[in-house]
file work.txt (compact mmCIF, C-alpha atoms)
# COMPACT_ATOMS: atom_id res chain seq x y z
CA MET A 1 64.51 17.58 118.12
CA SER A 2 62.23 20.56 118.59
CA HIS A 3 58.98 21.10 116.77
CA THR A 4 60.69 23.73 114.59
CA ASP A 5 63.31 21.18 113.54
CA TYR A 6 60.57 18.89 112.31
CA GLN A 7 58.82 21.75 110.54
CA GLU A 8 62.04 22.51 108.69
CA LEU A 9 62.06 18.98 107.29
CA LEU A 10 58.52 19.29 105.91
CA PRO A 11 59.30 21.02 102.57
CA GLY A 12 61.93 18.42 101.69
CA TYR A 13 59.48 15.67 102.58
CA ALA A 14 56.70 17.26 100.50
CA ILE A 15 58.91 17.14 97.42
CA ASP A 16 60.23 13.60 98.27
CA ALA A 17 63.81 14.82 98.50
CA LEU A 18 64.67 14.00 102.11
CA ASP A 19 67.39 11.49 102.81
CA PRO A 20 66.09 8.21 104.28
CA THR A 21 67.25 8.92 107.83
CA ASP A 22 65.37 12.24 107.86
CA VAL A 23 62.30 10.50 106.40
CA GLN A 24 62.22 8.04 109.29
CA VAL A 25 62.61 10.77 111.90
CA LEU A 26 59.90 12.94 110.35
CA GLU A 27 57.40 10.13 109.75
CA ALA A 28 57.58 9.14 113.40
CA HIS A 29 56.76 12.75 114.30
CA LEU A 30 53.99 13.11 111.69
CA ALA A 31 52.17 10.15 113.18
CA THR A 32 51.59 12.17 116.33
CA CYS A 33 51.50 15.81 115.15
CA GLY A 34 48.30 17.10 113.54
CA GLU A 35 49.73 20.56 112.97
CA CYS A 36 52.60 19.24 110.89
CA SER A 37 50.26 16.96 108.91
CA VAL A 38 48.12 19.94 107.95
CA GLU A 39 51.18 21.93 106.97
CA LEU A 40 52.45 19.00 104.94
CA ASN A 41 49.23 18.92 102.91
CA ASP A 42 49.67 22.63 102.17
CA LEU A 43 53.26 22.11 101.12
CA ARG A 44 52.27 19.24 98.86
CA ASP A 45 49.76 21.53 97.16
CA ALA A 46 52.58 24.06 96.73
CA THR A 47 54.97 21.39 95.39
CA SER A 48 52.50 20.29 92.75
CA LEU A 49 52.57 23.80 91.27
CA LEU A 50 56.07 22.99 90.04
CA ALA A 51 54.43 20.89 87.33
CA HIS A 52 53.70 24.20 85.60
CA GLY A 53 57.45 24.63 85.23
CA ALA A 54 57.53 21.97 82.49
CA THR A 55 57.52 23.18 78.89
CA ALA A 56 54.02 22.76 77.47
CA ALA A 57 53.50 19.71 75.26
CA ALA A 58 50.43 17.85 74.03
CA PRO A 59 50.04 14.07 73.76
CA GLY A 60 49.03 12.56 70.41
CA ASP A 61 45.29 12.42 69.71
CA HIS A 62 45.33 8.61 69.75
CA VAL A 63 46.09 8.56 73.48
CA ARG A 64 42.63 9.82 74.44
CA ALA A 65 40.93 7.07 72.46
CA GLN A 66 43.25 4.45 73.95
CA VAL A 67 42.60 5.60 77.50
CA LEU A 68 38.84 5.57 77.00
CA ALA A 69 38.91 2.16 75.29
CA LYS A 70 40.88 0.68 78.18
CA VAL A 71 38.56 2.19 80.75
CA ARG A 72 35.54 0.84 78.90
CA ALA A 73 37.12 -2.61 78.65
CA GLU A 74 37.89 -2.60 82.35
CA GLY A 75 34.43 -1.49 83.42
CA ALA A 76 33.45 0.46 86.51
CA PRO A 77 35.98 0.49 89.33
CA SER A 78 35.17 -2.30 91.75
CA HIS A 79 33.51 -1.39 95.02
CA PRO A 80 34.30 -2.38 98.59
CA ALA A 81 31.62 -5.09 98.39
CA GLN A 82 34.43 -7.43 97.34
CA VAL A 83 36.02 -7.02 100.74
CA VAL A 84 33.15 -8.89 102.35
CA GLN A 85 33.50 -11.67 99.84
CA MET A 86 37.17 -12.06 100.65
CA SER A 87 36.82 -12.15 104.41
CA GLN A 88 33.98 -14.67 104.13
CA ARG A 89 36.21 -16.92 102.17
CA ALA A 90 38.86 -16.61 104.86
CA LYS A 91 36.49 -18.05 107.45
CA THR A 92 36.88 -21.69 106.44
CA GLY A 93 38.99 -24.04 108.57
CA TRP A 94 42.29 -25.16 107.12
CA PRO A 95 42.69 -22.54 104.41
CA ASN A 96 42.46 -19.99 107.18
CA LEU A 97 45.39 -21.58 109.00
CA LEU A 98 47.33 -21.80 105.77
CA ARG A 99 46.59 -18.16 105.19
CA LEU A 100 47.95 -17.37 108.63
CA ALA A 101 51.06 -19.40 107.96
CA ALA A 102 51.51 -17.60 104.67
CA ALA A 103 51.06 -14.27 106.41
CA ILE A 104 53.72 -15.21 108.97
CA ALA A 105 56.08 -16.31 106.22
CA PHE A 106 55.41 -13.07 104.42
CA VAL A 107 56.15 -10.96 107.49
CA ALA A 108 59.33 -12.98 108.08
CA LEU A 109 60.40 -12.28 104.51
CA LEU A 110 59.58 -8.63 105.02
CA ALA A 111 61.63 -8.56 108.22
CA GLY A 112 64.56 -10.07 106.31
CA VAL A 113 64.29 -7.39 103.71
CA ILE A 114 64.11 -4.67 106.36
CA VAL A 115 67.30 -5.96 107.99
CA LEU A 116 69.02 -5.92 104.62
CA TRP A 117 67.76 -2.44 104.04
CA ARG A 118 69.13 -1.24 107.38
CA GLU A 119 72.51 -2.62 106.42
CA ARG A 120 72.48 -0.59 103.29
CA GLN A 121 70.89 2.44 104.88
CA ARG A 122 70.14 4.25 101.67
CA ASP A 123 67.58 2.69 99.42
CA ARG A 124 64.64 4.98 99.09
CA ASP A 125 62.90 2.87 96.49
CA LEU A 126 63.01 -0.18 98.68
CA MET A 127 61.60 1.79 101.55
CA ALA A 128 58.74 3.02 99.42
CA ARG A 129 58.00 -0.56 98.40
CA GLN A 130 58.16 -1.70 102.02
CA GLN A 131 55.56 0.86 102.92
CA GLU A 132 53.48 -0.22 99.97
CA ALA A 133 53.76 -3.86 101.06
CA LEU A 134 52.67 -3.01 104.58
CA ALA A 135 49.76 -0.94 103.30
CA LEU A 136 48.77 -3.84 101.06
CA LEU A 137 48.95 -6.30 103.95
CA ASN A 138 46.62 -4.09 105.93
CA SER A 139 44.12 -3.92 103.09
CA SER A 140 41.25 -6.29 103.70
CA ALA A 141 41.06 -7.07 99.98
CA ALA A 142 44.61 -8.41 99.95
CA THR A 143 45.14 -11.77 98.31
CA MET A 144 48.30 -13.76 98.73
CA ILE A 145 49.86 -16.23 96.30
CA GLN A 146 52.86 -18.40 97.05
CA LEU A 147 55.33 -19.22 94.29
CA THR A 148 57.62 -22.20 94.61
CA GLY A 149 60.91 -22.91 92.89
CA THR A 150 60.89 -25.22 89.90
CA GLN A 151 63.56 -27.88 89.30
CA THR A 152 65.72 -25.10 87.86
CA ALA A 153 65.73 -23.28 91.22
CA PRO A 154 64.52 -25.66 93.95
CA GLY A 155 65.75 -23.32 96.73
CA ALA A 156 63.78 -20.31 95.53
CA ARG A 157 60.44 -19.10 96.78
CA ALA A 158 58.35 -15.97 96.51
CA THR A 159 55.19 -14.40 97.78
CA LEU A 160 52.90 -12.16 95.78
CA VAL A 161 50.38 -10.01 97.61
CA PHE A 162 47.89 -8.05 95.58
CA ASP A 163 44.83 -5.93 96.09
CA LYS A 164 41.92 -7.32 94.08
CA GLN A 165 40.35 -3.91 93.71
CA SER A 166 43.26 -1.85 92.47
CA GLY A 167 45.52 -4.58 91.12
CA ARG A 168 48.40 -3.13 93.14
CA ALA A 169 50.84 -5.93 93.86
CA VAL A 170 54.08 -6.55 95.68
CA LEU A 171 56.29 -9.53 94.94
CA MET A 172 59.05 -10.71 97.25
CA THR A 173 61.53 -13.33 96.23
CA GLU A 174 64.09 -15.33 98.14
CA GLY A 175 66.85 -17.71 97.08
CA LEU A 176 66.86 -16.85 93.39
CA PRO A 177 70.29 -17.37 91.82
CA THR A 178 71.99 -14.25 90.45
CA PRO A 179 71.45 -14.27 86.66
CA SER A 180 74.36 -13.65 84.30
CA ALA A 181 75.16 -10.02 83.52
CA ASP A 182 73.04 -9.84 80.35
CA LYS A 183 69.99 -11.55 81.93
CA ALA A 184 67.27 -10.58 84.36
CA TYR A 185 64.10 -12.09 85.80
CA GLU A 186 60.69 -11.24 84.40
CA VAL A 187 57.26 -11.70 85.98
CA TRP A 188 54.43 -13.25 83.95
CA PHE A 189 50.71 -13.21 84.62
CA ILE A 190 48.95 -16.08 82.88
CA PRO A 191 45.15 -15.82 83.08
CA LYS A 192 43.36 -19.09 82.34
CA GLY A 193 43.26 -19.82 78.62
CA ARG A 194 45.31 -16.77 77.68
CA SER A 195 48.88 -16.14 76.73
CA PRO A 196 51.30 -14.87 79.38
CA MET A 197 51.21 -11.13 80.02
CA PRO A 198 54.55 -9.53 80.93
CA GLY A 199 55.08 -7.88 84.33
CA LYS A 200 58.17 -6.19 85.67
CA VAL A 201 61.75 -7.12 84.82
CA PHE A 202 63.96 -7.27 87.91
CA SER A 203 67.26 -8.41 89.33
CA VAL A 204 68.08 -9.87 92.74
CA ASP A 205 70.71 -9.06 95.34
CA SER A 206 73.48 -11.46 96.31
CA SER A 207 71.17 -13.50 98.56
CA GLY A 208 68.47 -13.85 95.92
CA HIS A 209 66.13 -11.27 97.48
CA ALA A 210 64.05 -8.85 95.49
CA MET A 211 61.04 -6.76 96.28
CA ILE A 212 59.06 -5.49 93.33
CA SER A 213 55.89 -3.47 93.15
CA ASP A 214 53.74 -3.80 90.09
CA TYR A 215 50.16 -3.66 88.88
CA MET A 216 48.38 -6.91 88.00
CA PRO A 217 46.71 -6.69 84.59
CA PRO A 218 42.93 -6.60 85.11
CA GLU A 219 42.64 -9.93 83.26
CA ALA A 220 44.76 -11.59 85.95
CA LEU A 221 42.80 -10.38 88.97
CA GLN A 222 40.28 -13.21 88.95
CA GLY A 223 42.84 -16.00 89.04
CA ALA A 224 45.99 -16.50 87.04
CA VAL A 225 49.18 -18.47 87.25
CA ILE A 226 52.14 -16.29 88.17
CA ALA A 227 55.52 -17.37 86.84
CA ILE A 228 59.03 -15.98 86.80
CA THR A 229 61.46 -16.73 84.00
CA VAL A 230 64.96 -15.63 83.16
CA GLU A 231 65.04 -13.32 80.13
CA PRO A 232 67.41 -10.95 78.34
CA LYS A 233 68.01 -7.87 80.47
CA SER A 234 65.76 -5.66 78.37
CA GLY A 235 62.80 -7.98 79.01
CA SER A 236 60.72 -10.03 76.58
CA ALA A 237 57.20 -9.65 75.26
CA ALA A 238 56.64 -13.40 75.67
CA PRO A 239 58.56 -15.81 77.90
CA THR A 240 61.63 -17.34 76.26
CA GLY A 241 63.79 -18.59 79.14
CA ALA A 242 63.55 -21.25 81.84
CA ILE A 243 60.84 -21.00 84.53
CA TYR A 244 62.38 -20.43 87.99
CA LEU A 245 59.28 -19.83 90.07
CA ALA A 246 55.61 -20.55 89.56
CA SER A 247 52.37 -20.46 91.49
CA PRO A 248 50.21 -23.61 91.54
CA SER A 249 47.68 -23.68 88.71
CA SER A 250 44.15 -23.48 90.10
CA MET B 1 25.18 7.35 84.87
CA GLN B 2 26.68 10.06 82.70
CA ALA B 3 26.29 13.61 83.96
CA GLU B 4 27.01 17.00 82.42
CA THR B 5 30.52 17.34 83.78
CA SER B 6 32.15 20.04 81.69
CA LYS B 7 31.51 22.83 84.21
CA ILE B 8 31.78 21.07 87.54
CA SER B 9 34.65 21.41 90.00
CA ASP B 10 37.64 19.10 89.99
CA ASN B 11 36.45 17.53 93.24
CA GLU B 12 33.04 16.75 91.75
CA LEU B 13 34.70 15.39 88.66
CA LEU B 14 36.75 12.91 90.71
CA LYS B 15 33.63 11.87 92.62
CA ALA B 16 31.84 11.20 89.34
CA ILE B 17 34.81 9.11 88.17
CA ALA B 18 34.71 7.18 91.44
CA ARG B 19 31.07 6.31 90.64
CA GLY B 20 32.20 4.85 87.33
CA ASP B 21 31.20 7.74 85.06
CA GLU B 22 33.24 7.32 81.86
CA GLY B 23 32.21 10.76 80.60
CA ALA B 24 33.73 12.31 83.71
CA LEU B 25 36.99 10.51 83.03
CA ALA B 26 36.97 11.83 79.46
CA ASP B 27 36.43 15.36 80.83
CA CYS B 28 39.20 14.87 83.33
CA TYR B 29 41.48 13.80 80.48
CA ASP B 30 40.57 16.87 78.44
CA ARG B 31 41.09 19.15 81.41
CA TYR B 32 44.44 17.73 82.53
CA ARG B 33 46.11 16.04 79.57
CA LEU B 34 48.32 19.06 78.76
CA ILE B 35 49.72 19.73 82.21
CA LEU B 36 50.14 16.04 83.04
CA PHE B 37 51.72 15.19 79.71
CA SER B 38 54.08 18.17 79.92
CA LEU B 39 55.15 17.04 83.38
CA ILE B 40 55.69 13.41 82.36
CA LEU B 41 57.57 14.41 79.22
CA ARG B 42 59.80 16.76 81.23
CA ILE B 43 60.72 13.81 83.47
CA LEU B 44 61.17 11.18 80.75
CA HIS B 45 62.34 13.21 77.71
CA ASP B 46 60.69 10.64 75.43
CA ARG B 47 57.30 11.24 73.79
CA HIS B 48 56.48 7.59 73.27
CA GLU B 49 57.24 6.66 76.89
CA ALA B 50 55.45 9.75 78.12
CA GLU B 51 52.26 8.87 76.21
CA ASP B 52 52.43 5.38 77.63
CA VAL B 53 52.76 6.68 81.18
CA LEU B 54 49.94 9.18 80.58
CA GLN B 55 47.65 6.24 79.77
CA GLU B 56 48.73 4.46 82.95
CA VAL B 57 48.02 7.60 84.94
CA PHE B 58 44.43 7.89 83.71
CA LEU B 59 43.82 4.19 84.28
CA GLN B 60 45.03 4.67 87.83
CA VAL B 61 42.75 7.71 88.20
CA TRP B 62 39.87 5.52 87.03
CA ARG B 63 40.68 2.77 89.52
CA ARG B 64 41.62 4.93 92.48
CA ALA B 65 39.40 8.03 92.24
CA ARG B 66 37.55 7.01 95.37
CA ASP B 67 40.81 7.26 97.34
CA PHE B 68 40.91 10.99 96.67
CA ASP B 69 40.26 12.86 99.91
CA GLU B 70 39.54 16.55 99.41
CA SER B 71 40.29 17.32 103.06
CA ARG B 72 43.92 16.40 102.43
CA GLY B 73 44.64 18.56 99.42
CA ARG B 74 43.58 19.75 95.99
CA ALA B 75 42.43 17.47 93.20
CA PHE B 76 45.17 19.05 91.08
CA THR B 77 47.76 17.86 93.61
CA TRP B 78 46.33 14.35 93.63
CA LEU B 79 46.46 14.07 89.84
CA VAL B 80 49.87 15.66 89.45
CA THR B 81 51.31 13.47 92.23
CA ILE B 82 50.15 10.30 90.48
CA ALA B 83 51.64 11.48 87.19
CA ARG B 84 54.95 12.48 88.75
CA SER B 85 55.45 9.28 90.71
CA ARG B 86 54.50 7.09 87.75
CA ALA B 87 56.94 8.96 85.52
CA LEU B 88 59.73 8.81 88.10
CA ASP B 89 59.06 5.08 88.58
CA ARG B 90 59.43 4.60 84.84
CA LEU B 91 62.58 6.70 84.80
CA ARG B 92 64.13 4.59 87.56
CA ALA B 93 63.02 1.34 85.99
CA SER B 94 64.65 2.31 82.72
CA GLY B 95 67.91 2.65 84.65
CA SER B 96 68.90 5.60 82.57
CA ARG B 97 68.48 8.32 85.12
CA ALA B 98 72.12 9.40 84.94
CA ARG B 99 72.02 9.70 81.16
CA LEU B 100 68.76 11.61 81.15
CA ALA B 101 69.98 13.96 83.85
CA THR B 102 73.04 14.76 81.75
CA GLU B 103 70.85 15.45 78.74
CA ALA B 104 68.62 17.69 80.81
CA GLU B 105 71.60 19.72 81.93
CA GLN B 106 72.61 20.29 78.36
CA GLU B 107 69.22 21.65 77.39
CA PRO B 108 68.93 25.40 77.03
CA ARG B 109 67.64 27.04 80.16
CA GLU B 110 63.89 27.10 80.23
CA SER B 111 62.50 30.47 79.31
CA MET B 112 59.96 31.07 81.99
CA GLY B 113 56.90 33.16 81.30
CA ASP B 114 57.35 33.13 77.53
CA ALA B 115 54.35 34.58 75.68
CA ALA B 116 53.97 31.64 73.28
CA GLU B 117 53.98 29.28 76.25
CA ASP B 118 51.41 31.35 78.10
CA ALA B 119 49.04 31.16 75.17
CA VAL B 120 48.46 27.43 75.65
CA ARG B 121 48.17 27.57 79.43
CA SER B 122 45.36 28.06 81.85
CA GLU B 123 45.19 31.34 83.69
CA ALA B 124 46.38 29.67 86.89
CA GLY B 125 49.24 28.07 84.98
CA VAL B 126 50.37 31.47 83.69
CA ILE B 127 50.34 32.96 87.18
CA VAL B 128 52.35 30.07 88.62
CA ARG B 129 54.83 30.20 85.77
CA ARG B 130 55.46 33.88 86.35
CA ALA B 131 55.94 33.20 90.05
CA LEU B 132 58.43 30.45 89.23
CA ALA B 133 60.27 32.87 86.96
CA GLU B 134 60.59 35.30 89.85
CA LEU B 135 62.26 32.76 92.15
CA PRO B 136 66.03 33.17 92.44
CA GLU B 137 67.70 30.96 89.83
CA GLU B 138 69.36 28.69 92.46
CA GLN B 139 66.07 28.07 94.26
CA ARG B 140 64.27 27.20 91.06
CA ARG B 141 67.09 24.95 89.92
CA THR B 142 67.16 23.09 93.23
CA LEU B 143 63.38 22.60 93.22
CA PHE B 144 63.38 21.43 89.60
CA MET B 145 66.16 18.90 90.23
CA ALA B 146 64.17 17.40 93.10
CA TYR B 147 60.83 17.59 91.34
CA PHE B 148 61.65 16.55 87.78
CA GLU B 149 64.67 14.33 88.38
CA GLY B 150 63.60 12.79 91.67
CA LEU B 151 66.93 13.62 93.34
CA THR B 152 67.40 13.82 97.10
CA GLN B 153 68.84 16.85 98.85
CA THR B 154 72.17 15.06 99.30
CA GLU B 155 72.28 14.08 95.61
CA ILE B 156 71.54 17.66 94.58
CA ALA B 157 74.25 19.01 96.89
CA GLY B 158 76.70 16.55 95.33
CA ARG B 159 75.65 17.45 91.80
CA LEU B 160 75.90 21.20 92.32
CA GLY B 161 78.89 21.09 94.66
CA ASP B 162 76.96 23.12 97.25
CA PRO B 163 76.73 22.44 101.00
CA LEU B 164 73.73 20.29 102.01
CA GLY B 165 72.47 23.01 104.36
CA THR B 166 72.34 25.49 101.48
CA VAL B 167 70.32 23.09 99.33
CA LYS B 168 67.86 22.52 102.18
CA THR B 169 67.42 26.24 102.75
CA ARG B 170 66.85 26.97 99.06
CA MET B 171 64.28 24.23 98.77
CA ARG B 172 62.44 25.44 101.85
CA SER B 173 62.45 29.11 100.78
CA GLY B 174 61.26 28.25 97.28
CA LEU B 175 58.40 26.04 98.42
CA ILE B 176 57.28 28.52 101.06
CA LYS B 177 57.02 31.19 98.34
CA LEU B 178 54.89 28.86 96.24
CA ARG B 179 52.68 28.16 99.24
CA GLU B 180 52.14 31.90 99.71
CA LEU B 181 51.20 32.18 96.07
CA LEU B 182 48.60 29.47 96.54
CA ARG B 183 47.19 31.25 99.59
CA ASP B 184 46.94 34.49 97.62
CA GLN B 185 45.05 32.69 94.86
CA ARG B 186 42.58 31.26 97.36
CA SER B 187 41.88 34.54 99.11
call {"tool": "encode", "arguments": {"input": "work.txt", "output": "structure tokens"}}
result
Amino acid sequence: MSHTDYQELLPGYAIDALDPTDVQVLEAHLATCGECSVELNDLRDATSLLAHGATAAAPGDHVRAQVLAKVRAEGAPSHPAQVVQMSQRAKTGWPNLLRLAAAIAFVALLAGVIVLWRERQRDRDLMARQQEALALLNSSAATMIQLTGTQTAPGARATLVFDKQSGRAVLMTEGLPTPSADKAYEVWFIPKGRSPMPGKVFSVDSSGHAMISDYMPPEALQGAVIAITVEPKSGSAAPTGAIYLASPSS
Amino acid sequence: MQAETSKISDNELLKAIARGDEGALADCYDRYRLILFSLILRILHDRHEAEDVLQEVFLQVWRRARDFDESRGRAFTWLVTIARSRALDRLRASGSRARLATEAEQEPRESMGDAAEDAVRSEAGVIVRRALAELPEEQRRTLFMAYFEGLTQTEIAGRLGDPLGTVKTRMRSGLIKLRELLRDQRS
């Protein structure tokens, strides 16, 4: 492909409308071409102008108060100081090895998911989550939690990786049975001494794989049990079904 | 910690938020709530959901403001991109994209550049809206389907029954015109 061919893909990429094969081709080029990266930033600025095409509407007045209350409750955004704390903790003997083993298991899971994705060829969402997972893995503030199958699903396992600063999290499951048509799995964050807080509702493919990106509630960032239950498809506000996966309580 | 933020630039505002200035976040909300809410509502077609997503967006702005890099684009782009991707995520999670898309098609065509609309918009918003109104109908439609419905070029071609190459060309021409508009505004 010539440079012009790549340039022609840029507008579609800026508006997230390229087909996955084109995305792969262009991203490989962008990694090495400064000129195209600069042009992409310009095109993204242009794309964002489309927001003005929406009919004007105002949110209710209560939203402002809710946003500010949540921000106040959460406190100042955490600073990179936490990164140091995390890497110090990683410097102890065995846990470090375990961490490495977990990282290897995680990458293996990821590789499995990538193979599946290649077979299907066309799942943009999954690809976005893959990239998110890789970005998370590279973040030095990443924390990893292993979930093991309960007696209900002894063959299941999952890994949750999250960024302690932003709460961004990716969950990957393996070996979960396919729930009946009216059911789905739901993630729960259970901070110590508090009731479970609902996360995403998801389904699995035929081999029990799923890859979900979510945000951890701030309350769960400093240690929480993560559990996965089966729930009605629309999700529940509190867990009602059997627990399939859970992290060890700390 | 709190500074007088009502007159400062968007970039400065995001820096103040990154330092944990709640007043700056409140100003950012006041400055951007209309455009962001309009965008989210256009994607989700549901006020309640849209208000919920708007809250998520500002929480994300609070947590991630220090990731904003002014060398890579405008603050406006950063904010709008967060709002759009959160709204599209919600749309996909609700699994009702097909239904919503059908509803959107049945809506009357948007009257671009309407005077009543202009009255509630910023000056920049009015200029952009007029520019959008001047785009050929097919270009605007193609861009809107990608932007507000999160459709790929192939999906749009399928939906409109047009060749893929035509969809790509329209999208490119439309965005290049918007880029020129932005350059004119800067100069």
call {"tool": "interface_residues", "arguments": {"input": "work.txt", "of": "chain A", "to": "chain B", "cutoff": "8 Å", "atoms": "only C-alpha atoms", "output": "PyMOL selection string"}}
result
chain A and resi 8+11-12+15-19+38+41-60+63-64+66-68+70-72+75-78+165-166
call {"tool": "residues_around", "arguments": {"input": "work.txt", "residues": "B:Arg170", "least_positions_apart": "6", "cutoff": "8 Å", "atoms": "all atoms listed in the file", "output": "MDAnalysis selection string"}}
result
chainID B and resid 138:139 142
call {"tool": "residues_around", "arguments": {"input": "work.txt", "residues": "stretch 24-30 of chain A", "least_positions_apart": "6", "cutoff": "8 Å", "atoms": "only C-alpha atoms", "output": "ChimeraX atom specification"}}
result
/A:6,9-10,36-37
call {"tool": "atom_distance", "arguments": {"input": "work.txt", "atom1": "atom CA of A:Gly112", "atom2": "atom CA of A:Ala181"}}
result
25.1 Å
call {"tool": "atom_distance", "arguments": {"input": "work.txt", "atom1": "atom CA of A:Ser203", "atom2": "atom CA of A:Ala169"}}
result
17.2 Å
call {"tool": "atom_distance", "arguments": {"input": "work.txt", "atom1": "atom CA of A:Val204", "atom2": "atom CA of B:Ile82"}}
result
27.1 Å
call {"tool": "closest_residue", "arguments": {"input": "work.txt", "among": "A:Val201, A:Ala103, A:Ala246, A:Ala210", "to": "A:Ser234", "atoms": "all atoms listed in the file"}}
result
A:Val201
call {"tool": "residues_near_point", "arguments": {"input": "work.txt", "point": "(69.1, -16.2, 93.4)", "cutoff": "9 Å", "atoms": "all atoms listed in the file", "output": "PyMOL selection string"}}
result
chain A and resi 153+155-156+173-179+203-209
call {"tool": "closest_residue", "arguments": {"input": "work.txt", "among": "A:Gly241, A:Ala184, A:Gly193, A:Phe106", "to": "A:Ala158", "atoms": "all atoms listed in the file"}}
result
A:Phe106
